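*Asks:* Dropping in final19.txt, which is compact mmCIF, C-alpha atoms:
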# COMPACT_ATOMS: atom_id res chain seq x y z
CA MET B 1 -14.09 6.04 5.59
CA PRO B 2 -10.50 4.78 5.19
CA VAL B 3 -9.65 1.22 6.08
CA PHE B 4 -8.54 0.93 9.72
CA GLY B 5 -9.68 4.46 10.54
CA ASP B 6 -11.79 4.73 13.73
CA TYR B 7 -11.95 0.92 13.59
CA SER B 8 -8.37 0.88 14.91
CA LYS B 9 -9.56 1.94 18.39
CA TYR B 10 -11.38 -1.37 18.78
CA TYR B 11 -9.09 -3.60 16.73
CA ASP B 12 -7.30 -5.28 19.65
CA LEU B 13 -10.56 -5.84 21.48
CA LEU B 14 -12.05 -7.55 18.41
CA TYR B 15 -8.99 -9.79 18.11
CA GLN B 16 -8.37 -10.39 21.81
CA ASP B 17 -8.88 -14.12 21.21
CA LYS B 18 -6.24 -14.32 18.47
CA ASP B 19 -3.15 -16.25 19.56
CA TYR B 20 -0.51 -13.73 18.52
CA GLU B 21 2.03 -15.28 20.87
CA GLY B 22 1.60 -18.78 19.46
CA GLU B 23 1.56 -17.52 15.88
CA ALA B 24 4.75 -15.51 16.41
CA ARG B 25 6.44 -18.63 17.81
CA TYR B 26 5.27 -20.56 14.74
CA VAL B 27 6.77 -17.95 12.39
CA ASP B 28 9.92 -18.00 14.51
CA THR B 29 10.27 -21.75 13.85
CA LEU B 30 10.04 -21.08 10.11
CA ILE B 31 12.68 -18.39 10.36
CA LYS B 32 14.97 -20.60 12.45
CA LYS B 33 14.61 -23.38 9.88
CA TYR B 34 15.91 -21.26 7.01
CA LEU B 35 17.94 -18.52 8.71
CA PRO B 36 18.89 -19.49 12.28
CA ALA B 37 21.04 -16.41 12.88
CA ALA B 38 18.32 -13.91 11.88
CA HIS B 39 18.06 -10.92 14.19
CA SER B 40 16.71 -7.87 12.35
CA MET B 41 13.12 -7.92 11.11
CA LEU B 42 10.92 -5.63 9.03
CA GLU B 43 7.19 -6.15 9.52
CA PHE B 44 4.74 -4.79 6.96
CA GLY B 45 1.18 -4.22 8.10
CA CYS B 46 2.18 -4.16 11.76
CA GLY B 47 -1.15 -2.65 12.79
CA THR B 48 -1.37 -2.12 16.54
CA GLY B 49 1.91 -3.94 17.05
CA ARG B 50 0.67 -7.24 18.48
CA TYR B 51 3.03 -9.38 16.38
CA THR B 52 5.73 -6.71 16.64
CA ARG B 53 5.87 -6.96 20.42
CA GLU B 54 5.85 -10.75 20.35
CA PHE B 55 8.77 -10.85 17.91
CA ALA B 56 10.66 -8.39 20.09
CA ARG B 57 10.13 -10.70 23.06
CA LEU B 58 11.57 -13.51 20.94
CA GLY B 59 14.75 -11.51 20.52
CA TYR B 60 14.26 -9.77 17.18
CA SER B 61 14.97 -6.12 16.51
CA VAL B 62 11.76 -5.13 14.72
CA HIS B 63 10.84 -2.20 12.49
CA GLY B 64 7.06 -2.11 12.05
CA VAL B 65 5.45 -0.38 9.07
CA ASP B 66 1.77 0.37 8.54
CA PHE B 67 -0.13 2.78 6.29
CA SER B 68 -2.66 3.68 9.01
CA GLU B 69 -1.57 6.49 11.32
CA ASN B 70 -4.35 5.47 13.70
CA MET B 71 -3.10 1.89 13.95
CA LEU B 72 0.48 3.08 14.45
CA ALA B 73 -0.62 5.42 17.22
CA GLU B 74 -2.07 2.40 19.04
CA ALA B 75 1.11 0.41 18.37
CA LYS B 76 3.38 3.10 19.78
CA LYS B 77 1.17 3.64 22.81
CA LYS B 78 0.98 -0.07 23.66
CA SER B 79 4.64 -0.84 22.95
CA GLY B 80 5.93 1.52 25.60
CA ASN B 81 9.68 1.28 26.03
CA ILE B 82 10.19 -2.23 24.66
CA GLU B 83 13.76 -2.32 23.43
CA GLY B 84 14.47 -2.83 19.75
CA LEU B 85 11.17 -1.56 18.35
CA ARG B 86 10.73 1.13 15.71
CA PHE B 87 7.70 2.20 13.72
CA SER B 88 7.17 4.03 10.42
CA CYS B 89 4.09 5.03 8.48
CA GLY B 90 4.17 3.95 4.86
CA ASP B 91 2.60 2.00 2.04
CA MET B 92 4.00 -1.49 1.44
CA ARG B 93 3.87 -0.86 -2.29
CA SER B 94 6.14 2.16 -2.29
CA ILE B 95 8.00 2.74 0.98
CA ARG B 96 11.80 2.67 0.83
CA LEU B 97 13.62 2.70 4.18
CA ARG B 98 17.12 2.50 2.65
CA GLU B 99 17.86 -0.34 5.03
CA GLU B 100 18.05 -4.13 4.75
CA PHE B 101 16.83 -6.74 7.20
CA ASP B 102 17.47 -10.41 7.84
CA VAL B 103 13.75 -11.14 7.68
CA VAL B 104 10.77 -9.36 6.17
CA VAL B 105 7.33 -10.49 7.33
CA ALA B 106 3.80 -9.53 6.28
CA LEU B 107 1.26 -11.42 8.38
CA PHE B 108 -2.48 -11.64 8.96
CA HIS B 109 -3.04 -11.60 5.19
CA VAL B 110 -1.35 -8.28 4.41
CA LEU B 111 -0.48 -9.60 0.95
CA SER B 112 -4.18 -10.24 0.30
CA TYR B 113 -4.86 -6.53 0.76
CA GLN B 114 -2.89 -6.01 -2.46
CA THR B 115 -5.79 -6.45 -4.86
CA THR B 116 -4.40 -5.68 -8.32
CA ASP B 117 -1.53 -7.37 -10.15
CA GLN B 118 0.45 -4.13 -9.98
CA ASP B 119 -0.21 -3.84 -6.24
CA VAL B 120 1.13 -7.34 -5.70
CA LEU B 121 4.21 -6.78 -7.86
CA ASP B 122 4.98 -3.46 -6.20
CA ALA B 123 4.56 -4.93 -2.71
CA LEU B 124 6.84 -7.87 -3.47
CA LYS B 125 9.44 -5.60 -5.05
CA THR B 126 9.39 -3.63 -1.79
CA VAL B 127 9.91 -6.86 0.13
CA ARG B 128 12.88 -7.80 -2.06
CA GLU B 129 14.32 -4.29 -1.75
CA HIS B 130 14.50 -4.66 2.04
CA VAL B 131 15.72 -8.25 2.38
CA ALA B 132 19.43 -8.47 3.07
CA PRO B 133 21.55 -10.83 0.92
CA GLY B 134 20.78 -14.35 2.07
CA GLY B 135 17.75 -13.12 4.00
CA ILE B 136 14.18 -14.41 3.81
CA ALA B 137 10.58 -13.21 3.69
CA VAL B 138 7.58 -14.82 5.38
CA LEU B 139 4.20 -13.92 3.89
CA ASP B 140 0.74 -15.34 4.48
CA PHE B 141 -2.35 -14.88 2.31
CA TRP B 142 -5.80 -16.19 1.45
CA TYR B 143 -5.65 -19.39 -0.59
CA GLY B 144 -7.96 -19.54 -3.61
CA PRO B 145 -8.93 -23.24 -3.58
CA ALA B 146 -10.11 -22.97 0.04
CA VAL B 147 -11.95 -19.67 -0.48
CA LEU B 148 -13.85 -21.02 -3.47
CA THR B 149 -14.59 -24.35 -1.78
CA GLN B 150 -15.68 -23.03 1.60
CA GLN B 151 -17.18 -19.74 0.32
CA PRO B 152 -17.08 -16.60 2.49
CA GLN B 153 -19.89 -16.45 5.04
CA VAL B 154 -21.62 -13.70 7.01
CA ARG B 155 -20.06 -13.61 10.46
CA VAL B 156 -21.11 -11.88 13.66
CA LYS B 157 -18.65 -11.29 16.48
CA GLU B 158 -19.47 -9.94 19.92
CA VAL B 159 -16.79 -8.84 22.38
CA SER B 160 -16.68 -6.65 25.47
CA ASP B 161 -14.40 -5.15 28.06
CA GLY B 162 -15.01 -3.10 31.18
CA ASN B 163 -16.33 -0.12 29.23
CA LEU B 164 -17.69 -1.33 25.90
CA ASN B 165 -19.78 -3.93 24.14
CA VAL B 166 -18.79 -4.35 20.49
CA THR B 167 -20.81 -6.21 17.89
CA ARG B 168 -19.26 -6.57 14.45
CA ILE B 169 -21.10 -7.88 11.41
CA ALA B 170 -18.95 -8.97 8.45
CA GLN B 171 -20.83 -9.38 5.18
CA PRO B 172 -18.74 -10.73 2.27
CA ILE B 173 -19.32 -10.37 -1.45
CA LEU B 174 -17.35 -12.70 -3.74
CA TYR B 175 -16.02 -11.43 -7.08
CA PRO B 176 -14.74 -14.69 -8.62
CA ASN B 177 -13.52 -13.15 -11.88
CA GLU B 178 -11.28 -10.73 -9.98
CA ASN B 179 -10.11 -13.17 -7.25
CA ILE B 180 -11.49 -10.66 -4.75
CA VAL B 181 -13.74 -10.79 -1.70
CA ARG B 182 -15.21 -7.52 -0.47
CA ILE B 183 -16.04 -7.59 3.21
CA ASP B 184 -18.41 -4.92 4.50
CA TYR B 185 -17.88 -4.43 8.22
CA ASP B 186 -20.46 -2.78 10.45
CA ALA B 187 -19.33 -2.40 14.04
CA PHE B 188 -21.72 -1.24 16.76
CA ILE B 189 -19.91 0.20 19.80
CA GLU B 190 -22.07 0.39 22.92
CA SER B 191 -20.86 2.33 25.94
CA LYS B 192 -21.63 0.58 29.24
CA THR B 193 -21.77 3.89 31.07
CA ASP B 194 -24.39 5.78 29.07
CA MET B 195 -25.64 2.99 26.72
CA ARG B 196 -24.97 5.14 23.67
CA ILE B 197 -24.20 3.24 20.47
CA ASN B 198 -21.74 4.37 17.82
CA LYS B 199 -21.66 2.68 14.41
CA ILE B 200 -18.49 2.29 12.32
CA SER B 201 -18.59 0.98 8.76
CA GLU B 202 -15.65 -0.05 6.55
CA SER B 203 -15.20 -2.12 3.42
CA HIS B 204 -12.09 -4.29 3.04
CA TYR B 205 -11.10 -5.85 -0.27
CA MET B 206 -9.17 -9.11 -0.02
CA ARG B 207 -7.47 -10.98 -2.84
CA TYR B 208 -7.07 -14.75 -2.80
CA PHE B 209 -4.19 -16.43 -4.61
CA PHE B 210 -3.30 -19.65 -6.37
CA ILE B 211 0.15 -21.21 -6.30
CA PRO B 212 0.75 -21.12 -10.09
CA GLU B 213 0.06 -17.37 -10.32
CA LEU B 214 2.21 -16.64 -7.29
CA SER B 215 5.03 -18.74 -8.70
CA LEU B 216 5.04 -16.56 -11.82
CA ILE B 217 4.92 -13.38 -9.77
CA TRP B 218 7.73 -14.45 -7.47
CA LYS B 219 9.95 -15.37 -10.39
CA SER B 220 9.38 -11.98 -11.98
CA VAL B 221 10.46 -10.06 -8.86
CA PRO B 222 12.59 -12.30 -8.45
CA LEU B 223 12.14 -14.23 -5.22
CA GLU B 224 12.81 -17.92 -4.69
CA MET B 225 10.14 -19.95 -2.89
CA LEU B 226 11.68 -22.10 -0.16
CA SER B 227 8.44 -23.53 1.25
CA ILE B 228 4.69 -23.14 1.27
CA GLU B 229 2.28 -24.67 3.78
CA ALA B 230 -1.06 -24.30 5.48
CA TRP B 231 -0.87 -21.70 8.25
CA MET B 232 0.25 -23.05 11.64
CA THR B 233 0.90 -26.52 10.23
CA ASP B 234 3.42 -28.26 8.01
CA ASP B 235 0.61 -29.56 5.77
CA LYS B 236 0.44 -28.94 2.05
CA PRO B 237 -2.11 -26.25 1.12
CA GLY B 238 -5.53 -27.65 0.25
CA THR B 239 -9.22 -26.85 0.11
CA ASN B 240 -9.31 -26.55 3.91
CA SER B 241 -6.37 -24.12 4.02
CA TRP B 242 -7.92 -20.65 3.96
CA ALA B 243 -4.64 -19.20 5.18
CA VAL B 244 -1.33 -20.26 3.63
CA VAL B 245 2.21 -19.10 4.40
CA ALA B 246 5.21 -18.96 2.07
CA VAL B 247 8.88 -18.56 2.88
CA LEU B 248 10.86 -16.78 0.17
CA ARG B 249 14.51 -15.92 -0.45
Output the structure of this file as structure tokens.

*Replies:*
Amino acid sequence: MPVFGDYSKYYDLLYQDKDYEGEARYVDTLIKKYLPAAHSMLEFGCGTGRYTREFARLGYSVHGVDFSENMLAEAKKKSGNIEGLRFSCGDMRSIRLREEFDVVVALFHVLSYQTTDQDVLDALKTVREHVAPGGIAVLDFWYGPAVLTQQPQVRVKEVSDGNLNVTRIAQPILYPNENIVRIDYDAFIESKTDMRINKISESHYMRYFFIPELSLIWKSVPLEMLSIEAWMTDDKPGTNSWAVVAVLR
């Protein structure tokens, strides 16, 4: 089953506790710090459009891109007639929109879904291709020192709404020589009306990064690193910083 296939129907329910509004405001502060006049934004890995809508509410004109038609269908349905939003289906490694933007963002670890060196290079070349002169990119990713220190753990999440109970089991497998974590997701969807249970299974491969390797990659693209910090803080990345964000020009 493809990543974010049927899983997309329950994605927002599973992440209903995620503070998209607060996280978008945090990214907005980073953007304002380095490019106060930024208005146009390209978002890779927009998914169901949760960040996209928040950025639009903050005044950005946003073009969301995702490779999953199912996720984009949810994004378009839930975005309604919000002004300044556009969506395209495409792969971050290869899409070319023939347009430049003040800001390019890839959030919720989209960069970590690029698992090979070539994937990472191609994705970053796409970022550079779409950043206007003087523009910036904001990318977050899994940070290697924290992943190896904390170690991925089995996690169980239970959520519900008026119609469904959803239980998701995430079982990780660490591949330390490849800088990869494979996460096997099993989601059990129980209908409250007839008590029937549907099971969805997907495997997601996530790459974790180290600053020295990223510095080499960015220089080869080339992109200049303006800052790097632990997600939602201004702290230096460390062994407690599973998620790290970089601002590039």

*Asks:* Which residues are close to stretch 167-184 of chain B, i.e. within 6 Å by all atoms listed in the file, leaving aside same-chain residues fewer than 6 positions away? Reply as a CSV table (one decimal) with C-alpha atoms, keeping the file's coordinate frame.

*Replies:*
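So around12.csv came out as:
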chain,number,residue,atom,x,y,z
B,154,VAL,CA,-21.6,-13.7,7.0
B,155,ARG,CA,-20.1,-13.6,10.5
B,156,VAL,CA,-21.1,-11.9,13.7
B,157,LYS,CA,-18.6,-11.3,16.5
B,158,GLU,CA,-19.5,-9.9,19.9
B,202,GLU,CA,-15.6,0.0,6.6
B,203,SER,CA,-15.2,-2.1,3.4
B,204,HIS,CA,-12.1,-4.3,3.0
B,205,TYR,CA,-11.1,-5.8,-0.3
B,206,MET,CA,-9.2,-9.1,0.0
B,207,ARG,CA,-7.5,-11.0,-2.8
B,208,TYR,CA,-7.1,-14.8,-2.8

*Asks:* Any idea what's packed within 7 Å of stretch 24-31 of chain B, counting all atoms listed in the file, ignoring anything in its chain fewer than 3 positions away? Could you give it as a compact mmCIF listing (two decimals) with C-alpha atoms, keeping the file's coordinate frame?

*Replies:*
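And here's selection-v4.txt as it stands now:
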# COMPACT_ATOMS: atom_id res chain seq x y z
CA TYR B 20 -0.51 -13.73 18.52
CA GLU B 21 2.03 -15.28 20.87
CA TYR B 34 15.91 -21.26 7.01
CA LEU B 35 17.94 -18.52 8.71
CA PRO B 36 18.89 -19.49 12.28
CA TYR B 51 3.03 -9.38 16.38
CA GLU B 54 5.85 -10.75 20.35
CA PHE B 55 8.77 -10.85 17.91
CA MET B 232 0.25 -23.05 11.64

*Asks:* Between atom CA of B:Ser241 and atom CA of B:Gln153, measure the distance and give it in Å to one decimal.

*Replies:* 15.6 Å

*Asks:* Leaving out stretch 128-143 of chain B and any residue of its chain fewer than 6 positions from it, which residues lie within 8 Å of it when counting only C-alpha atoms, given as a PyMOL selection string?

*Replies:* chain B and resi 27+31+34-35+38+42+96-112+206-210+221-223+231+237+241-249

*Asks:* Measuring between all atoms listed in the file, which one of B:Tyr10, B:Gln16, B:Thr239, B:Gly47 shows the shortest distance to B:Gln150?

*Replies:* B:Thr239

*Asks:* Using all atoms listed in the file, which of B:Tyr11, B:Gln114, B:Glu83, B:Ser61 sits nearest B:Thr48?

*Replies:*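 Comparing B:Tyr11, B:Gln114, B:Glu83, B:Ser61 against B:Thr48, the winner is B:Tyr11.
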
*Asks:* Quote the spacing between atom CA of B:Ile95 and atom CA of B:Gln118 in Å to one decimal place.

*Replies:*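 Here the two named atoms are 15.0 Å from each other.
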
*Asks:* So which residues touch B:Arg86 within 8 Å, counting only C-alpha atoms, skipping near sequence neighbours fewer than 2 positions away, as a PyMOL selection string?

*Replies:* chain B and resi 62-64+84+88

*Asks:* Do you know which residues are at most 10 Å from B:Asp119 counting only C-alpha atoms, after dropping those on the same chain fewer than 6 positions away, and could you put them as an MDAnalysis selection string?

*Replies:* chainID B and resid 92:94 111:113 125

*Asks:* In Å to one decimal, how far is atom CA of B:Gly90 from atom CA of B:Cys46?

*Replies:* 10.8 Å

*Asks:* Which of these, B:Val65, B:Leu85, B:Leu124, B:Leu226, has the shortest distance to B:Ser40 once you count only C-alpha atoms?

*Replies:* B:Leu85

*Asks:* Taking all atoms listed in the file into account, which of B:Lys199, B:Gly80, B:Ala146, B:Gln151 comes nearest B:Asn165?

*Replies:*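 Closest to B:Asn165, using all atoms listed in the file: B:Lys199.
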
*Asks:* Would you mind telling me which residue in B:Tyr60, B:Arg50, B:Phe87, B:Glu69 lies nearest to B:Lys32 when using all atoms listed in the file?

*Replies:*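 Comparing B:Tyr60, B:Arg50, B:Phe87, B:Glu69 against B:Lys32, the winner is B:Tyr60.
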
*Asks:* So which one's closest to B:Gly144, B:Glu213, B:Asp122, B:Asp161, B:Asp91? Using all atoms listed in the file, please.

*Replies:*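 When distances to B:Gly144 are compared using all atoms listed in the file, the smallest one comes from B:Glu213.
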
*Asks:* Mind filling out stretch 70-102 of chain B with N, CA and C atoms and sending it as a compact mmCIF listing (two decimals), keeping the file's coordinate frame?

*Replies:*
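The resulting file, out-v5.txt, is reproduced below:
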# COMPACT_ATOMS: atom_id res chain seq x y z
N ASN B 70 -3.58 5.82 12.51
CA ASN B 70 -4.35 5.47 13.70
C ASN B 70 -3.86 4.16 14.31
N MET B 71 -3.60 3.16 13.45
CA MET B 71 -3.10 1.89 13.95
C MET B 71 -1.72 2.07 14.57
N LEU B 72 -0.87 2.86 13.93
CA LEU B 72 0.48 3.08 14.45
C LEU B 72 0.44 3.81 15.78
N ALA B 73 -0.50 4.72 15.94
CA ALA B 73 -0.62 5.42 17.22
C ALA B 73 -0.92 4.43 18.34
N GLU B 74 -1.78 3.45 18.06
CA GLU B 74 -2.07 2.40 19.04
C GLU B 74 -0.83 1.56 19.29
N ALA B 75 -0.10 1.24 18.22
CA ALA B 75 1.11 0.41 18.37
C ALA B 75 2.14 1.10 19.25
N LYS B 76 2.37 2.38 19.00
CA LYS B 76 3.38 3.10 19.78
C LYS B 76 2.95 3.22 21.24
N LYS B 77 1.67 3.48 21.45
CA LYS B 77 1.17 3.64 22.81
C LYS B 77 1.30 2.33 23.60
N LYS B 78 1.00 1.21 22.95
CA LYS B 78 0.98 -0.07 23.66
C LYS B 78 2.35 -0.73 23.73
N SER B 79 3.31 -0.25 22.93
CA SER B 79 4.64 -0.84 22.95
C SER B 79 5.54 -0.25 24.02
N GLY B 80 5.18 0.92 24.51
CA GLY B 80 5.93 1.52 25.60
C GLY B 80 7.41 1.65 25.27
N ASN B 81 8.24 1.17 26.19
CA ASN B 81 9.68 1.28 26.03
C ASN B 81 10.33 -0.06 25.71
N ILE B 82 9.60 -0.95 25.03
CA ILE B 82 10.19 -2.23 24.66
C ILE B 82 11.40 -1.99 23.77
N GLU B 83 12.51 -2.57 24.14
CA GLU B 83 13.76 -2.32 23.43
C GLU B 83 13.74 -2.98 22.06
N GLY B 84 14.30 -2.27 21.09
CA GLY B 84 14.47 -2.83 19.75
C GLY B 84 13.30 -2.63 18.82
N LEU B 85 12.33 -1.80 19.20
CA LEU B 85 11.17 -1.56 18.35
C LEU B 85 11.23 -0.18 17.71
N ARG B 86 10.90 -0.13 16.42
CA ARG B 86 10.73 1.13 15.71
C ARG B 86 9.48 1.04 14.86
N PHE B 87 8.90 2.18 14.54
CA PHE B 87 7.70 2.20 13.72
C PHE B 87 7.79 3.32 12.68
N SER B 88 7.24 3.03 11.49
CA SER B 88 7.17 4.03 10.42
C SER B 88 5.82 3.91 9.73
N CYS B 89 5.32 5.03 9.26
CA CYS B 89 4.09 5.03 8.48
C CYS B 89 4.47 4.97 7.01
N GLY B 90 3.86 4.05 6.28
CA GLY B 90 4.17 3.95 4.86
C GLY B 90 3.36 2.87 4.19
N ASP B 91 3.33 2.94 2.88
CA ASP B 91 2.60 2.00 2.04
C ASP B 91 3.56 0.89 1.60
N MET B 92 3.16 -0.35 1.80
CA MET B 92 4.00 -1.49 1.44
C MET B 92 4.39 -1.48 -0.04
N ARG B 93 3.58 -0.87 -0.86
CA ARG B 93 3.87 -0.86 -2.29
C ARG B 93 4.97 0.11 -2.68
N SER B 94 5.25 1.08 -1.84
CA SER B 94 6.14 2.16 -2.29
C SER B 94 7.20 2.58 -1.29
N ILE B 95 7.06 2.23 -0.02
CA ILE B 95 8.00 2.74 0.98
C ILE B 95 9.41 2.21 0.71
N ARG B 96 10.40 3.06 0.93
CA ARG B 96 11.80 2.67 0.83
C ARG B 96 12.52 3.21 2.07
N LEU B 97 12.99 2.30 2.93
CA LEU B 97 13.62 2.70 4.18
C LEU B 97 15.13 2.84 4.05
N ARG B 98 15.67 2.46 2.88
CA ARG B 98 17.12 2.50 2.65
C ARG B 98 17.86 1.70 3.72
N GLU B 99 17.30 0.54 4.02
CA GLU B 99 17.86 -0.34 5.03
C GLU B 99 17.48 -1.78 4.68
N GLU B 100 18.34 -2.73 5.01
CA GLU B 100 18.05 -4.13 4.75
C GLU B 100 17.91 -4.89 6.06
N PHE B 101 17.13 -5.97 6.01
CA PHE B 101 16.83 -6.74 7.20
C PHE B 101 17.03 -8.23 6.94
N ASP B 102 17.33 -8.97 7.99
CA ASP B 102 17.47 -10.41 7.84
C ASP B 102 16.16 -11.06 7.39
